[in-house]
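Worksheet for the structure shown next.
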Amino acid sequence: MPPPAPPPAWKHKVWTDPYVAAALGCRACLGARTVAHVDEEAGTLVTAPCGCVQE
């Protein structure tokens with residue numbers, strides 16, 4: 001039986017460390033303010049503003 005898959009990055013146990021959480025801010029974009037997704041069907045990299053960006 002294979003080992004269990006690791007948790008998604010935003011659920012990783014490192015976020016319980018207050019210093020890490022304060023330094024990186026957003027769990028989805030890690031402070032970059034954009035998120036990326038590889039669209040394998042189209043063969044492109046899609047980027048979008050992160051939900052943490054306030055307009």
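Labels used: A, B, ... for chains in the order of the structure tokens, numbers from 1 for residues in each chain, and numbers from 1 for ligands as shown.
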
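Within the 12 Å cut-off around Trp10 of chain A, using only C-alpha atoms and omitting residues fewer than 6 positions from it on the same chain, the listed residues are Thr16, Ala21, Leu24, Gly25, Cys26, Arg27, Ala28, Cys29 and Leu30 of chain A.
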
So that I have them on file, write out the residues from the current selection with C-alpha atoms, as an mmCIF file, in the first residue's frame.
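Saved result, part.cif, follows:
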data_model
loop_
_atom_site.group_PDB
_atom_site.id
_atom_site.type_symbol
_atom_site.label_atom_id
_atom_site.label_comp_id
_atom_site.auth_asym_id
_atom_site.auth_seq_id
_atom_site.Cartn_x
_atom_site.Cartn_y
_atom_site.Cartn_z
ATOM 1 C CA THR A 16 0.938 26.583 12.934
ATOM 2 C CA ALA A 21 2.507 32.588 9.077
ATOM 3 C CA LEU A 24 4.509 34.700 4.359
ATOM 4 C CA GLY A 25 1.030 36.094 4.889
ATOM 5 C CA CYS A 26 -1.232 34.375 2.377
ATOM 6 C CA ARG A 27 -1.224 30.583 2.267
ATOM 7 C CA ALA A 28 -2.287 30.432 -1.376
ATOM 8 C CA CYS A 29 0.166 32.825 -3.034
ATOM 9 C CA LEU A 30 2.884 33.016 -0.330
#

Give the strand (DSSP E) residues of chain A, as DSSP finds them on the backbone, and put them as a PyMOL selection string. chain A and resi 34-39+44-49

Can you check which residues of segment 4-52 of chain A DSSP gives as alpha helix (DSSP H) on the backbone and send them as number ranges by chain? A: 18-24

Keeping only all heavy atoms, write the selected residues to a file as a short mmCIF file (atom, residue, chain, number, x, y, z; two decimals), in the first residue's frame.
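And here is the file that came out, again16.cif:
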data_model
loop_
_atom_site.label_atom_id
_atom_site.label_comp_id
_atom_site.auth_asym_id
_atom_site.auth_seq_id
_atom_site.Cartn_x
_atom_site.Cartn_y
_atom_site.Cartn_z
N PRO A 18 3.77 30.64 14.25
CA PRO A 18 3.36 32.04 14.05
C PRO A 18 4.37 32.87 13.27
O PRO A 18 3.99 33.81 12.57
CB PRO A 18 3.18 32.57 15.47
CG PRO A 18 3.88 31.62 16.35
CD PRO A 18 3.92 30.30 15.65
N TYR A 19 5.65 32.53 13.36
CA TYR A 19 6.67 33.29 12.62
C TYR A 19 6.55 33.05 11.12
O TYR A 19 6.66 33.97 10.32
CB TYR A 19 8.07 32.93 13.11
CG TYR A 19 8.32 33.37 14.52
CD1 TYR A 19 8.39 32.45 15.55
CD2 TYR A 19 8.46 34.72 14.83
CE1 TYR A 19 8.60 32.86 16.86
CE2 TYR A 19 8.67 35.14 16.14
CZ TYR A 19 8.74 34.20 17.15
OH TYR A 19 8.94 34.60 18.43
N VAL A 20 6.31 31.81 10.73
CA VAL A 20 6.13 31.49 9.31
C VAL A 20 4.87 32.14 8.78
O VAL A 20 4.86 32.76 7.71
CB VAL A 20 6.10 29.97 9.08
CG1 VAL A 20 5.73 29.63 7.66
CG2 VAL A 20 7.43 29.35 9.45
N ALA A 21 3.78 32.02 9.51
CA ALA A 21 2.51 32.59 9.08
C ALA A 21 2.61 34.11 8.93
O ALA A 21 2.07 34.68 7.98
CB ALA A 21 1.41 32.22 10.06
N ALA A 22 3.31 34.76 9.83
CA ALA A 22 3.45 36.21 9.76
C ALA A 22 4.36 36.64 8.60
O ALA A 22 4.10 37.65 7.95
CB ALA A 22 3.99 36.76 11.07
N ALA A 23 5.39 35.87 8.35
CA ALA A 23 6.35 36.24 7.30
C ALA A 23 5.78 36.04 5.91
O ALA A 23 6.05 36.84 5.01
CB ALA A 23 7.63 35.42 7.45
N LEU A 24 5.00 35.00 5.70
CA LEU A 24 4.51 34.70 4.36
C LEU A 24 3.12 35.26 4.08
O LEU A 24 2.76 35.45 2.93
CB LEU A 24 4.51 33.19 4.13
CG LEU A 24 5.89 32.55 4.12
CD1 LEU A 24 5.77 31.05 3.97
CD2 LEU A 24 6.75 33.13 3.04
#

From A:Pro3, A:Pro8, A:Trp15, A:Thr34, residue lying nearest Ala48 of chain A [only C-alpha atoms]: A:Thr34

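The gap separating atom CA of Val38 of chain A from atom CA of Gly51 of chain A is 18.1 Å, in Å to one decimal.
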